[in-house]
Amino acid sequence: MTGAQRGLAGAGREVVGPLVLEAWDAFLAQAEAVDLARPSRLPGWRAHEVCVHLGAWPDHEALADLTASARAGGRGTPPDVDATNARVTAAHRDASRDEVLAALRRNREATVRYLADAAPELDLAPAVSTVGRLPLLSVVLGQVYELAVHGLDLAAAGAPPVPPPVLQAGLAALAEVTGSLAASSGIRGGAALLTPDGGWLFAADPPGWTVTRVDGGRPAGAVVEAPADVLLEAASGRANPAAALVRRRLRVRDLPELMRLAPIVEAAPGIPGGPILALAARTVGGTGDLLGRLRGRRG
């Protein structure tokens, strides 16, 4: 790696923007089709709460807060995502269906405005996200991971399935966030997230990282391989990666190499992909069950 590359954030809005907006459009279509009163697989949450916490409300505008953080130099500590989710979902528990869908559309519109109007220098400026300091455009891309995972939640509650391109984009966002956090933690290493339809490879070489598309074959080094939905389920804690490994729904190659990334879990316990990294730590180390420490709802 030459210089301080910045993954997909360094590739710019022309790469990130279409991935994010396609994911928003797919999630909105799911939300419009599902019965929001249906219970979801997340304890205590209906489809209503899944959608509410992804919306933009007068008391909760995540992208505006992140942009303000980037403008201020990325100072501060990561917010408590579980406490924030609890506050927002409680405050809007009785919102109407129309109000929930409008809040989702406002959040998409806020993303559109950022991509169209925000100063270019903000893209690589650090912002304090729920998992630590990341370039703001990496956080914007991170929405795709959340939308893909919560799209799977809505599908389990009766919504149409998540389109395959959105699942792939969710893996790209997972690779971006993990590579960025590895680089900022001084960790050199990487892994491929591989599906039958290709995947994404990230490599951290502090202070930078790269994220590249894998269109065929199996790259050298650590590989986590499964259908895209299984990878996202395992990465988010919806499915136990150890059980998926035993059932051969998930395959991992070069666990010791993957283990090099495991310290990220200590620095950012809620990191997307944390359960898979914890599996590597448990398998290689042979002691402790770190999976129980990770919050399955975080998406």
# chains A, B, ... in the order shown; residues from 1 in each chain; ligands from 1
$ select_by_dssp --residues "region 53-276 of chain A" --states "strand (DSSP E)" --output "tab-separated table (two decimals) with N, CA and C atoms, in the first residue's frame"
chain	number	residue	atom	x	y	z
A	126	PRO	N	-12.48	13.13	10.26
A	126	PRO	CA	-12.95	12.14	11.24
A	126	PRO	C	-14.23	12.61	11.92
A	127	ALA	N	-15.14	11.68	12.09
A	127	ALA	CA	-16.38	11.92	12.83
A	127	ALA	C	-16.51	10.85	13.90
A	128	VAL	N	-17.08	11.22	15.03
A	128	VAL	CA	-17.26	10.26	16.12
A	128	VAL	C	-18.54	9.48	15.88
A	129	SER	N	-18.38	8.23	15.47
A	129	SER	CA	-19.53	7.36	15.22
A	129	SER	C	-19.74	6.46	16.43
A	132	GLY	N	-16.53	4.48	16.97
A	132	GLY	CA	-15.25	5.17	17.06
A	132	GLY	C	-15.11	6.23	15.98
A	133	ARG	N	-13.89	6.75	15.85
A	133	ARG	CA	-13.64	7.82	14.89
A	133	ARG	C	-13.37	7.23	13.51
A	134	LEU	N	-14.19	7.64	12.55
A	134	LEU	CA	-14.08	7.17	11.18
A	134	LEU	C	-14.21	8.37	10.25
A	135	PRO	N	-13.63	8.30	9.05
A	135	PRO	CA	-13.92	9.34	8.06
A	135	PRO	C	-15.43	9.44	7.84
A	189	GLY	N	-3.37	-5.85	8.68
A	189	GLY	CA	-4.00	-7.12	8.35
A	189	GLY	C	-5.24	-6.89	7.51
A	190	GLY	N	-5.91	-7.97	7.17
A	190	GLY	CA	-7.11	-7.84	6.35
A	190	GLY	C	-7.80	-9.17	6.20
A	191	ALA	N	-8.86	-9.16	5.42
A	191	ALA	CA	-9.63	-10.37	5.18
A	191	ALA	C	-10.52	-10.15	3.97
A	192	ALA	N	-10.94	-11.24	3.37
A	192	ALA	CA	-11.92	-11.19	2.29
A	192	ALA	C	-13.25	-11.68	2.82
A	193	LEU	N	-14.31	-10.96	2.47
A	193	LEU	CA	-15.68	-11.37	2.75
A	193	LEU	C	-16.23	-11.89	1.43
A	194	LEU	N	-16.35	-13.21	1.33
A	194	LEU	CA	-16.57	-13.85	0.04
A	194	LEU	C	-17.92	-14.55	-0.01
A	195	THR	N	-18.63	-14.38	-1.12
A	195	THR	CA	-19.91	-15.04	-1.35
A	195	THR	C	-19.86	-15.76	-2.69
A	198	GLY	N	-19.13	-13.33	-5.50
A	198	GLY	CA	-18.01	-12.41	-5.30
A	198	GLY	C	-18.02	-11.85	-3.90
A	199	GLY	N	-17.29	-10.77	-3.71
A	199	GLY	CA	-17.23	-10.21	-2.37
A	199	GLY	C	-16.31	-9.02	-2.31
A	200	TRP	N	-15.75	-8.78	-1.10
A	200	TRP	CA	-14.94	-7.59	-0.86
A	200	TRP	C	-13.73	-7.96	-0.01
A	201	LEU	N	-12.61	-7.37	-0.34
A	201	LEU	CA	-11.36	-7.59	0.37
A	201	LEU	C	-10.90	-6.28	0.97
A	202	PHE	N	-10.63	-6.28	2.28
A	202	PHE	CA	-10.05	-5.09	2.90
A	202	PHE	C	-8.67	-5.42	3.44
A	203	ALA	N	-7.80	-4.44	3.42
A	203	ALA	CA	-6.44	-4.61	3.92
A	203	ALA	C	-6.01	-3.32	4.59
A	204	ALA	N	-5.63	-3.42	5.86
A	204	ALA	CA	-5.17	-2.26	6.62
A	204	ALA	C	-3.66	-2.27	6.71
A	205	ASP	N	-3.06	-1.14	6.42
A	205	ASP	CA	-1.63	-0.93	6.55
A	205	ASP	C	-1.47	0.48	7.10
A	208	GLY	N	-3.33	3.77	6.58
A	208	GLY	CA	-4.36	3.67	5.56
A	208	GLY	C	-4.94	2.27	5.44
A	209	TRP	N	-5.89	2.14	4.53
A	209	TRP	CA	-6.50	0.84	4.25
A	209	TRP	C	-7.08	0.87	2.82
A	210	THR	N	-7.27	-0.31	2.27
A	210	THR	CA	-7.88	-0.43	0.95
A	210	THR	C	-9.09	-1.35	1.05
A	211	VAL	N	-10.05	-1.14	0.15
A	211	VAL	CA	-11.21	-2.01	0.01
A	211	VAL	C	-11.38	-2.25	-1.49
A	212	THR	N	-11.36	-3.51	-1.89
A	212	THR	CA	-11.46	-3.84	-3.31
A	212	THR	C	-12.48	-4.93	-3.53
A	213	ARG	N	-13.10	-4.89	-4.69
A	213	ARG	CA	-14.11	-5.88	-5.07
A	213	ARG	C	-13.40	-7.17	-5.49
A	214	VAL	N	-13.96	-8.30	-5.08
A	214	VAL	CA	-13.48	-9.62	-5.50
A	214	VAL	C	-14.54	-10.20	-6.42
A	223	VAL	N	-10.04	-15.51	4.82
A	223	VAL	CA	-11.28	-15.47	4.04
A	223	VAL	C	-12.43	-15.93	4.93
A	224	VAL	N	-13.49	-15.15	4.93
A	224	VAL	CA	-14.74	-15.56	5.57
A	224	VAL	C	-15.74	-15.72	4.45
A	225	GLU	N	-16.27	-16.94	4.29
A	225	GLU	CA	-17.05	-17.26	3.09
A	225	GLU	C	-18.41	-17.81	3.46
A	251	ARG	N	-17.66	-20.58	6.21
A	251	ARG	CA	-16.32	-21.16	6.19
A	251	ARG	C	-15.31	-20.05	6.45
A	252	VAL	N	-14.31	-20.38	7.22
A	252	VAL	CA	-13.25	-19.42	7.53
A	252	VAL	C	-11.92	-20.06	7.19
A	253	ARG	N	-11.11	-19.35	6.42
A	253	ARG	CA	-9.78	-19.83	6.09
A	253	ARG	C	-8.75	-18.90	6.72
$ residues_around --residues "Val112 (chain A)" --least-positions-apart "2" --cutoff "12 Å" --atoms "only C-alpha atoms" --output "list in words"
Arg13, Val16, Gly17, Pro18, Leu19, Val20, Leu21, Glu22, Trp24, Asp25, Leu63, Arg105, Arg106, Asn107, Arg108, Glu109, Ala110, Tyr114, Leu115, Ala116, Asp117, Ala118 and Val140 of chain A
$ residues_around --residues "Tyr145 (chain A)" --least-positions-apart "5" --cutoff "8 Å" --atoms "only C-alpha atoms" --output "list in words"
Ala169, Gly170, Leu171, Ala172, Ala173, Leu174 and Gly299 of chain A
$ select_by_dssp --residues "region 4-243 of chain A" --states "alpha helix (DSSP H)" --output "number ranges by chain"
A: 7-11, 13-33, 47-52, 62-71, 81-91, 97-117, 136-156, 164-184, 228-236, 241-243
$ closest_residue --among "A:Asn240, A:Gln30, A:Ser180, A:Ser69" --to "Arg6 (chain A)" --atoms "only C-alpha atoms"
A:Ser180
$ closest_residue --among "A:Glu32, A:Ala243, A:Val100, A:Arg41" --to "His53 (chain A)" --atoms "only C-alpha atoms"
A:Val100
$ atom_distance --atom1 "CA of Ala83 (chain A)" --atom2 "CA of Ala183 (chain A)"
27.8 Å
$ closest_residue --among "A:Ala280, A:Ala159, A:Ala9, A:Leu137" --to "Ser40 (chain A)" --atoms "only C-alpha atoms"
A:Ala159
$ residues_around --residues "region 84-92 of chain A" --least-positions-apart "2" --cutoff "8 Å" --atoms "only C-alpha atoms" --output "PyMOL selection string"
chain A and resi 49+52-53+59-60+79-82+94-95
$ residues_around --residues "Ala33 (chain A)" --least-positions-apart "4" --cutoff "9 Å" --atoms "only C-alpha atoms" --output "compact mmCIF listing (two decimals) with N, CA, C and O atoms, in the first residue's frame"
# COMPACT_ATOMS: atom_id res chain seq x y z
N LEU A 28 -36.76 1.40 1.98
CA LEU A 28 -38.05 2.09 1.95
C LEU A 28 -39.13 1.22 1.31
O LEU A 28 -40.27 1.19 1.78
N ALA A 29 -38.78 0.52 0.25
CA ALA A 29 -39.75 -0.37 -0.39
C ALA A 29 -40.18 -1.48 0.57
O ALA A 29 -41.37 -1.86 0.62
N GLY A 158 -41.88 -10.42 7.36
CA GLY A 158 -42.84 -10.50 6.29
C GLY A 158 -42.65 -9.54 5.13
O GLY A 158 -43.44 -9.55 4.18
N ALA A 159 -41.60 -8.71 5.17
CA ALA A 159 -41.33 -7.79 4.06
C ALA A 159 -40.70 -8.55 2.90
O ALA A 159 -40.21 -9.68 3.06
N PRO A 160 -40.68 -7.97 1.70
CA PRO A 160 -39.96 -8.59 0.58
C PRO A 160 -38.48 -8.76 0.91
O PRO A 160 -37.94 -8.06 1.79
$ atom_distance --atom1 "CA of Cys51 (chain A)" --atom2 "CA of Leu101 (chain A)"
7.9 Å
$ residues_around --residues "Ala155 (chain A)" --least-positions-apart "3" --cutoff "12 Å" --atoms "only C-alpha atoms" --output "PyMOL selection string"
chain A and resi 26-27+29-31+33-36+38-41+47+50+147-152+158-163+229
$ write_last_selection --atoms "N, CA and C atoms" --output "PDB file, in the first residue's frame"
ATOM      1  N   ALA A  26     -34.238   0.442  -1.409  1.00  0.00           N
ATOM      2  CA  ALA A  26     -34.674  -0.932  -1.147  1.00  0.00           C
ATOM      3  C   ALA A  26     -35.321  -1.033   0.234  1.00  0.00           C
ATOM      4  N   PHE A  27     -34.718  -0.372   1.231  1.00  0.00           N
ATOM      5  CA  PHE A  27     -35.288  -0.449   2.578  1.00  0.00           C
ATOM      6  C   PHE A  27     -36.638   0.244   2.631  1.00  0.00           C
ATOM      7  N   ALA A  29     -38.780   0.517   0.246  1.00  0.00           N
ATOM      8  CA  ALA A  29     -39.750  -0.372  -0.390  1.00  0.00           C
ATOM      9  C   ALA A  29     -40.181  -1.480   0.566  1.00  0.00           C
ATOM     10  N   GLN A  30     -39.254  -2.004   1.336  1.00  0.00           N
ATOM     11  CA  GLN A  30     -39.604  -3.021   2.324  1.00  0.00           C
ATOM     12  C   GLN A  30     -40.511  -2.440   3.412  1.00  0.00           C
ATOM     13  N   ALA A  31     -40.134  -1.257   3.921  1.00  0.00           N
ATOM     14  CA  ALA A  31     -40.915  -0.639   4.993  1.00  0.00           C
ATOM     15  C   ALA A  31     -42.331  -0.332   4.537  1.00  0.00           C
ATOM     16  N   ALA A  33     -44.027  -2.016   2.477  1.00  0.00           N
ATOM     17  CA  ALA A  33     -44.762  -3.250   2.224  1.00  0.00           C
ATOM     18  C   ALA A  33     -45.063  -4.047   3.487  1.00  0.00           C
ATOM     19  N   VAL A  34     -44.341  -3.796   4.571  1.00  0.00           N
ATOM     20  CA  VAL A  34     -44.463  -4.639   5.762  1.00  0.00           C
ATOM     21  C   VAL A  34     -45.486  -4.061   6.731  1.00  0.00           C
ATOM     22  N   ASP A  35     -46.088  -4.932   7.517  1.00  0.00           N
ATOM     23  CA  ASP A  35     -46.959  -4.521   8.622  1.00  0.00           C
ATOM     24  C   ASP A  35     -46.066  -4.091   9.781  1.00  0.00           C
ATOM     25  N   LEU A  36     -46.039  -2.793  10.074  1.00  0.00           N
ATOM     26  CA  LEU A  36     -45.131  -2.289  11.105  1.00  0.00           C
ATOM     27  C   LEU A  36     -45.475  -2.803  12.501  1.00  0.00           C
ATOM     28  N   ARG A  38     -45.979  -5.912  13.154  1.00  0.00           N
ATOM     29  CA  ARG A  38     -45.462  -7.272  13.291  1.00  0.00           C
ATOM     30  C   ARG A  38     -44.252  -7.289  14.212  1.00  0.00           C
ATOM     31  N   PRO A  39     -44.157  -8.268  15.120  1.00  0.00           N
ATOM     32  CA  PRO A  39     -42.954  -8.380  15.938  1.00  0.00           C
ATOM     33  C   PRO A  39     -41.764  -8.745  15.072  1.00  0.00           C
ATOM     34  N   SER A  40     -40.601  -8.185  15.401  1.00  0.00           N
ATOM     35  CA  SER A  40     -39.382  -8.549  14.684  1.00  0.00           C
ATOM     36  C   SER A  40     -38.636  -9.595  15.498  1.00  0.00           C
ATOM     37  N   ARG A  41     -37.547 -10.079  14.968  1.00  0.00           N
ATOM     38  CA  ARG A  41     -36.741 -11.057  15.700  1.00  0.00           C
ATOM     39  C   ARG A  41     -35.863 -10.390  16.747  1.00  0.00           C
ATOM     40  N   ALA A  47     -41.523  -4.340  13.820  1.00  0.00           N
ATOM     41  CA  ALA A  47     -40.997  -3.711  12.609  1.00  0.00           C
ATOM     42  C   ALA A  47     -41.041  -2.192  12.764  1.00  0.00           C
ATOM     43  N   VAL A  50     -37.848  -1.059  14.422  1.00  0.00           N
ATOM     44  CA  VAL A  50     -36.739  -1.202  13.474  1.00  0.00           C
ATOM     45  C   VAL A  50     -36.679   0.019  12.565  1.00  0.00           C
ATOM     46  N   LEU A 147     -28.727  -0.727   6.840  1.00  0.00           N
ATOM     47  CA  LEU A 147     -29.949  -0.912   6.055  1.00  0.00           C
ATOM     48  C   LEU A 147     -30.080  -2.352   5.563  1.00  0.00           C
ATOM     49  N   ALA A 148     -28.976  -2.967   5.184  1.00  0.00           N
ATOM     50  CA  ALA A 148     -29.023  -4.355   4.728  1.00  0.00           C
ATOM     51  C   ALA A 148     -29.399  -5.295   5.870  1.00  0.00           C
ATOM     52  N   VAL A 149     -28.767  -5.105   7.025  1.00  0.00           N
ATOM     53  CA  VAL A 149     -29.056  -5.974   8.167  1.00  0.00           C
ATOM     54  C   VAL A 149     -30.491  -5.781   8.641  1.00  0.00           C
ATOM     55  N   HIS A 150     -30.915  -4.529   8.759  1.00  0.00           N
ATOM     56  CA  HIS A 150     -32.292  -4.302   9.197  1.00  0.00           C
ATOM     57  C   HIS A 150     -33.288  -4.661   8.100  1.00  0.00           C
ATOM     58  N   GLY A 151     -32.850  -4.628   6.839  1.00  0.00           N
ATOM     59  CA  GLY A 151     -33.695  -5.158   5.778  1.00  0.00           C
ATOM     60  C   GLY A 151     -33.935  -6.653   5.956  1.00  0.00           C
ATOM     61  N   LEU A 152     -32.913  -7.377   6.401  1.00  0.00           N
ATOM     62  CA  LEU A 152     -33.096  -8.794   6.714  1.00  0.00           C
ATOM     63  C   LEU A 152     -34.053  -8.967   7.885  1.00  0.00           C
ATOM     64  N   GLY A 158     -41.876 -10.420   7.356  1.00  0.00           N
ATOM     65  CA  GLY A 158     -42.845 -10.495   6.289  1.00  0.00           C
ATOM     66  C   GLY A 158     -42.647  -9.544   5.130  1.00  0.00           C
ATOM     67  N   ALA A 159     -41.604  -8.710   5.170  1.00  0.00           N
ATOM     68  CA  ALA A 159     -41.329  -7.794   4.058  1.00  0.00           C
ATOM     69  C   ALA A 159     -40.700  -8.554   2.897  1.00  0.00           C
ATOM     70  N   PRO A 160     -40.679  -7.968   1.701  1.00  0.00           N
ATOM     71  CA  PRO A 160     -39.964  -8.593   0.582  1.00  0.00           C
ATOM     72  C   PRO A 160     -38.482  -8.763   0.914  1.00  0.00           C
ATOM     73  N   PRO A 161     -37.794  -9.669   0.241  1.00  0.00           N
ATOM     74  CA  PRO A 161     -36.367  -9.896   0.536  1.00  0.00           C
ATOM     75  C   PRO A 161     -35.501  -8.709   0.157  1.00  0.00           C
ATOM     76  N   VAL A 162     -34.338  -8.642   0.782  1.00  0.00           N
ATOM     77  CA  VAL A 162     -33.359  -7.612   0.447  1.00  0.00           C
ATOM     78  C   VAL A 162     -32.753  -7.950  -0.910  1.00  0.00           C
ATOM     79  N   PRO A 163     -32.691  -7.007  -1.852  1.00  0.00           N
ATOM     80  CA  PRO A 163     -32.096  -7.305  -3.162  1.00  0.00           C
ATOM     81  C   PRO A 163     -30.625  -7.706  -3.025  1.00  0.00           C
ATOM     82  N   ASP A 229     -26.291 -13.084   2.773  1.00  0.00           N
ATOM     83  CA  ASP A 229     -27.174 -12.894   3.921  1.00  0.00           C
ATOM     84  C   ASP A 229     -26.629 -13.587   5.160  1.00  0.00           C
TER      85      ASP A 229
END
$ atom_distance --atom1 "CA of Asp153 (chain A)" --atom2 "CA of Val265 (chain A)"
23.6 Å
